[in-house]
Amino acid sequence: MSKDMSYSGVMSRRPEIMKQAAGVDFSLFESGSIAFDYERMMREAGFSIEEIQKIQLSHGVGNTPILELRNLTELARKCAPKGKGARIFIKDEAANASGSFKARRASTAVYQAKKLGYKGVVTATSGNYGAAVASQAAMYGLKCIVVQECYDSKGKGQPEIIEKARKCEALGAEVVQLSVGPELFYLFLTILEQTGYFNASLYTPFAIAGVETLGYEIAMQFREKYGKDPEVVLATNAGGGNLTGTARGLRKAGAESKIVAASVDLSGLHMAADTQFNRKSFTTGHTGFGMPFTTWPDRSDVPRSAARPLRYMDRYLTIRQGEVFYITEALASLEGLEKGPAGNTALTAAFSLAQEMNQDEMIVVQETEYTGAGKHVQPQLSFARENGIEIKFGDPKEEVPGKNIILPSHPSMIKAQDADLEHMRKSLIKNAITTYNVTPNDADIEFLAEETKTDVEFVKNVLKSL
């Protein structure tokens, strides 16, 4: 009997397809209510730091350098009050095999696929992860399919996404390009079911465990070179795996560094709306991903996401598109380093945050990414102009996403804004209640306290207000 391949038919088989393709039985960690055993899931499905390091180092991943940005630090100090201006560092993740930190996630995901006997891997991403999976799949001799949202309904694709597709294809992957819309997940499920390939999701325990080495390396490298941990580790936040894995690695190293998230403020733009798809100049690391995934992680392509950023976040900063483009240019002209904009999202926030900190303190941006033809500043700004976006110098505070990009007239105008973490914590609790439609028991309340990095009393007070 043939299977129902309609949209509703495929979606009805989602749990079965996902279980077959993920290599994880998520039901083992469920409680039947809101809570699930997150740490047990990470222990049983993940790897030790030592195991991951061995896997990664044998496949061109990890042990990336720490670079101090002395000239950018000096510029920040010129804009800062006397005695302020922390030293700014970057962890140069562009040195990984595929050119970004995503290689860490891909290395463990593809290793697991090979170990479990899958013949190929599939991933749904328009970003660097596709290239990372393709790179690792090539090393392991596995087939790779990348499903990518690339175009609007008029067939116009963003330069950065098209660049990433070319990179995936160069690494041997088959790239399936789609216009923006709900068909992405439908086609992803269909391919998984028809091929029997492994779901190399960004959000499995394998993938998040792969990022733990990033945080662990930061702690060890700083201790060896500077005799202490950095005061702040800043991570670009989208789906949350970058921050989650890094924070977990820092914890495993015993570091007490503050974990700060950063996203580009794209308020008012819907990331999946056809008419707005090409009116944003950032395909990742923006609030369209960062906010919803922070307030409800389980919107991902696995039943329970291993990326749960609100558990680890001490602060959440947002910055503007024009500010990121400015810092991207400054990094190249002052430090001789050309890096893609995703990592420079966190760097821009770091430039602002450093001005609040003392000069003897250290702040590290925990990732950079490669720069290709479509990832330079000029192609992206030119594309913005083609889509009716005004580009000008001025005050970034006046920037309206989808209407203009304002490059700061002076670096002192670069000011990160604090997102309301308490509001986000309350939102996560409300989302949990709405999703599961249950009266929370004691275990649920304790779980939600861990999820929101608060306490039982905070959760109970939020529940009373619902």
# chains A, B, ... in the order shown; residues from 1 in each chain; ligands from 1
$ select_by_dssp --residues "segment 34-253 of chain A" --states "alpha helix (DSSP H)" --output "number ranges by chain"
A: 38-45, 49-57, 70-79, 102-115, 128-140, 159-170, 183-195, 205-226, 241-252
$ select_by_dssp --residues "segment 208-327 of chain A" --states "strand (DSSP E)" --output "list in words"
Val232, Val233, Leu234, Ala235, Thr236, Lys258, Ile259, Val260, Ala261, Ala262, Ser263, Val264, Arg315, Tyr316, Leu317, Thr318 and Ile319 of chain A
$ closest_residue --among "A:Ala238, A:Ala306, A:Leu331, A:Ala384" --to "Lys280 of chain A" --atoms "only C-alpha atoms"
A:Ala384
$ residues_around --residues "segment 111-121 of chain A" --least-positions-apart "6" --cutoff "8 Å" --atoms "only C-alpha atoms" --output "PyMOL selection string"
chain A and resi 23+55+133+137+140+142-145+196-200+206
$ write_last_selection --atoms "C-alpha atoms" --output "compact mmCIF listing (two decimals), in the first residue's frame"
# COMPACT_ATOMS: atom_id res chain seq x y z
CA GLY A 23 19.26 7.73 16.01
CA ILE A 55 36.73 12.73 16.60
CA VAL A 133 27.82 18.63 7.08
CA ALA A 137 30.21 13.66 4.96
CA TYR A 140 33.43 9.88 6.03
CA LEU A 142 28.67 9.39 3.11
CA LYS A 143 26.11 10.90 0.75
CA CYS A 144 24.85 14.36 1.70
CA ILE A 145 21.67 16.25 0.82
CA GLY A 196 16.52 6.38 4.93
CA TYR A 197 19.36 8.81 5.61
CA PHE A 198 20.38 10.23 8.99
CA ASN A 199 18.86 13.50 10.19
CA ALA A 200 21.99 15.58 10.77
CA PHE A 206 25.31 14.82 19.12
$ residues_around --residues "Asp92 of chain A" --least-positions-apart "4" --cutoff "9 Å" --atoms "only C-alpha atoms" --output "CSV table (one decimal) with N, CA, C and O atoms, in the first residue's frame"
chain,number,residue,atom,x,y,z
A,64,THR,N,41.3,25.6,17.4
A,64,THR,CA,41.4,26.9,16.6
A,64,THR,C,42.0,28.0,17.5
A,64,THR,O,41.9,27.9,18.7
A,65,PRO,N,42.7,28.9,16.8
A,65,PRO,CA,43.5,29.9,17.6
A,65,PRO,C,42.6,31.0,18.3
A,65,PRO,O,41.5,31.3,17.8
A,66,ILE,N,43.1,31.6,19.3
A,66,ILE,CA,42.6,32.8,20.0
A,66,ILE,C,43.4,33.9,19.5
A,66,ILE,O,44.6,33.9,19.5
A,67,LEU,N,42.7,35.0,19.0
A,67,LEU,CA,43.4,36.2,18.5
A,67,LEU,C,43.0,37.4,19.2
A,67,LEU,O,41.8,37.6,19.5
A,96,ASN,N,38.4,26.1,11.0
A,96,ASN,CA,37.9,24.8,10.9
A,96,ASN,C,37.7,24.4,9.4
A,96,ASN,O,37.7,25.2,8.5
A,100,SER,N,33.6,27.4,9.6
A,100,SER,CA,32.8,28.0,10.7
A,100,SER,C,32.8,27.0,11.9
A,100,SER,O,33.1,25.9,11.8
A,101,PHE,N,32.2,27.5,13.0
A,101,PHE,CA,32.1,26.7,14.2
A,101,PHE,C,31.1,25.5,13.9
A,101,PHE,O,31.2,24.5,14.7
A,365,VAL,N,34.9,36.8,21.8
A,365,VAL,CA,33.8,36.4,20.9
A,365,VAL,C,34.2,35.0,20.4
A,365,VAL,O,35.2,34.8,19.8
A,366,GLN,N,33.3,34.0,20.6
A,366,GLN,CA,33.7,32.6,20.5
A,366,GLN,C,33.5,32.0,19.1
A,366,GLN,O,33.6,30.8,19.0
A,367,GLU,N,33.3,32.9,18.1
A,367,GLU,CA,33.3,32.3,16.7
A,367,GLU,C,33.6,33.4,15.7
A,367,GLU,O,33.3,34.5,15.9
A,368,THR,N,34.1,32.9,14.6
A,368,THR,CA,34.2,33.7,13.3
A,368,THR,C,33.7,32.7,12.2
A,368,THR,O,33.5,31.5,12.4
A,369,GLU,N,33.5,33.3,11.0
A,369,GLU,CA,33.2,32.4,9.9
A,369,GLU,C,33.9,32.9,8.6
A,369,GLU,O,34.4,34.0,8.6
$ closest_residue --among "A:Ile319, A:Arg105, A:Phe351, A:Ala346" --to "Gly241 of chain A" --atoms "only C-alpha atoms"
A:Arg105
$ residues_around --residues "segment 74-85 of chain A" --least-positions-apart "3" --cutoff "8 Å" --atoms "only C-alpha atoms" --output "CSV table (one decimal) with C-alpha atoms, in the first residue's frame"
chain,number,residue,atom,x,y,z
A,70,ARG,CA,44.4,45.1,19.9
A,71,ASN,CA,43.5,47.8,17.4
A,351,PHE,CA,32.8,46.4,20.9
A,352,SER,CA,29.9,48.0,22.8
A,354,ALA,CA,33.9,46.2,26.3
A,355,GLN,CA,33.3,49.9,26.9
A,356,GLU,CA,31.4,49.0,30.1
A,357,MET,CA,34.1,46.8,31.4
A,358,ASN,CA,37.5,47.6,33.0
A,359,GLN,CA,40.7,47.6,30.9
A,411,PRO,CA,32.0,54.3,16.2
A,412,SER,CA,30.9,55.8,19.4
$ residues_around --residues "Lys397 of chain A" --least-positions-apart "5" --cutoff "12 Å" --atoms "only C-alpha atoms" --output "ChimeraX atom specification"
/A:265,318-323,404-409,413-417
$ write_last_selection --atoms "N, CA and C atoms" --output "CSV table (one decimal), in the first residue's frame"
chain,number,residue,atom,x,y,z
A,265,ASP,N,19.1,43.0,15.5
A,265,ASP,CA,17.7,43.3,15.7
A,265,ASP,C,17.0,43.5,14.4
A,318,THR,N,21.2,43.0,21.7
A,318,THR,CA,20.8,43.1,20.3
A,318,THR,C,21.6,44.3,19.7
A,319,ILE,N,22.0,44.2,18.5
A,319,ILE,CA,22.6,45.3,17.7
A,319,ILE,C,22.0,45.4,16.4
A,320,ARG,N,22.3,46.4,15.6
A,320,ARG,CA,21.7,46.7,14.4
A,320,ARG,C,22.5,46.3,13.2
A,321,GLN,N,21.8,46.2,12.0
A,321,GLN,CA,22.5,45.7,10.8
A,321,GLN,C,23.7,46.6,10.4
A,322,GLY,N,23.4,47.9,10.4
A,322,GLY,CA,24.4,48.9,10.0
A,322,GLY,C,25.7,48.8,10.9
A,323,GLU,N,25.4,48.6,12.2
A,323,GLU,CA,26.5,48.5,13.1
A,323,GLU,C,27.4,47.3,12.8
A,404,ASN,N,15.6,50.5,6.0
A,404,ASN,CA,16.9,51.2,5.8
A,404,ASN,C,18.0,50.4,6.6
A,405,ILE,N,19.2,50.7,6.2
A,405,ILE,CA,20.4,50.2,7.0
A,405,ILE,C,21.2,51.5,7.2
A,406,ILE,N,21.5,51.8,8.5
A,406,ILE,CA,22.2,53.0,8.8
A,406,ILE,C,23.5,52.6,9.4
A,407,LEU,N,24.6,53.0,8.7
A,407,LEU,CA,25.9,52.8,9.1
A,407,LEU,C,26.3,53.9,10.1
A,408,PRO,N,26.9,53.7,11.2
A,408,PRO,CA,27.1,54.7,12.2
A,408,PRO,C,28.1,55.8,11.6
A,409,SER,N,27.8,57.1,11.9
A,409,SER,CA,28.7,58.1,11.4
A,409,SER,C,30.0,58.2,12.2
A,413,MET,N,28.8,55.6,18.2
A,413,MET,CA,27.3,55.4,18.1
A,413,MET,C,26.9,54.0,18.2
A,414,ILE,N,27.8,53.1,18.2
A,414,ILE,CA,27.5,51.6,18.2
A,414,ILE,C,27.2,51.3,19.7
A,415,LYS,N,25.9,51.0,19.9
A,415,LYS,CA,25.4,50.8,21.3
A,415,LYS,C,24.5,49.5,21.3
A,416,ALA,N,25.0,48.5,21.9
A,416,ALA,CA,24.1,47.3,22.1
A,416,ALA,C,23.0,47.6,23.0
A,417,GLN,N,21.8,47.0,22.8
A,417,GLN,CA,20.7,47.1,23.6
A,417,GLN,C,20.4,45.8,24.4
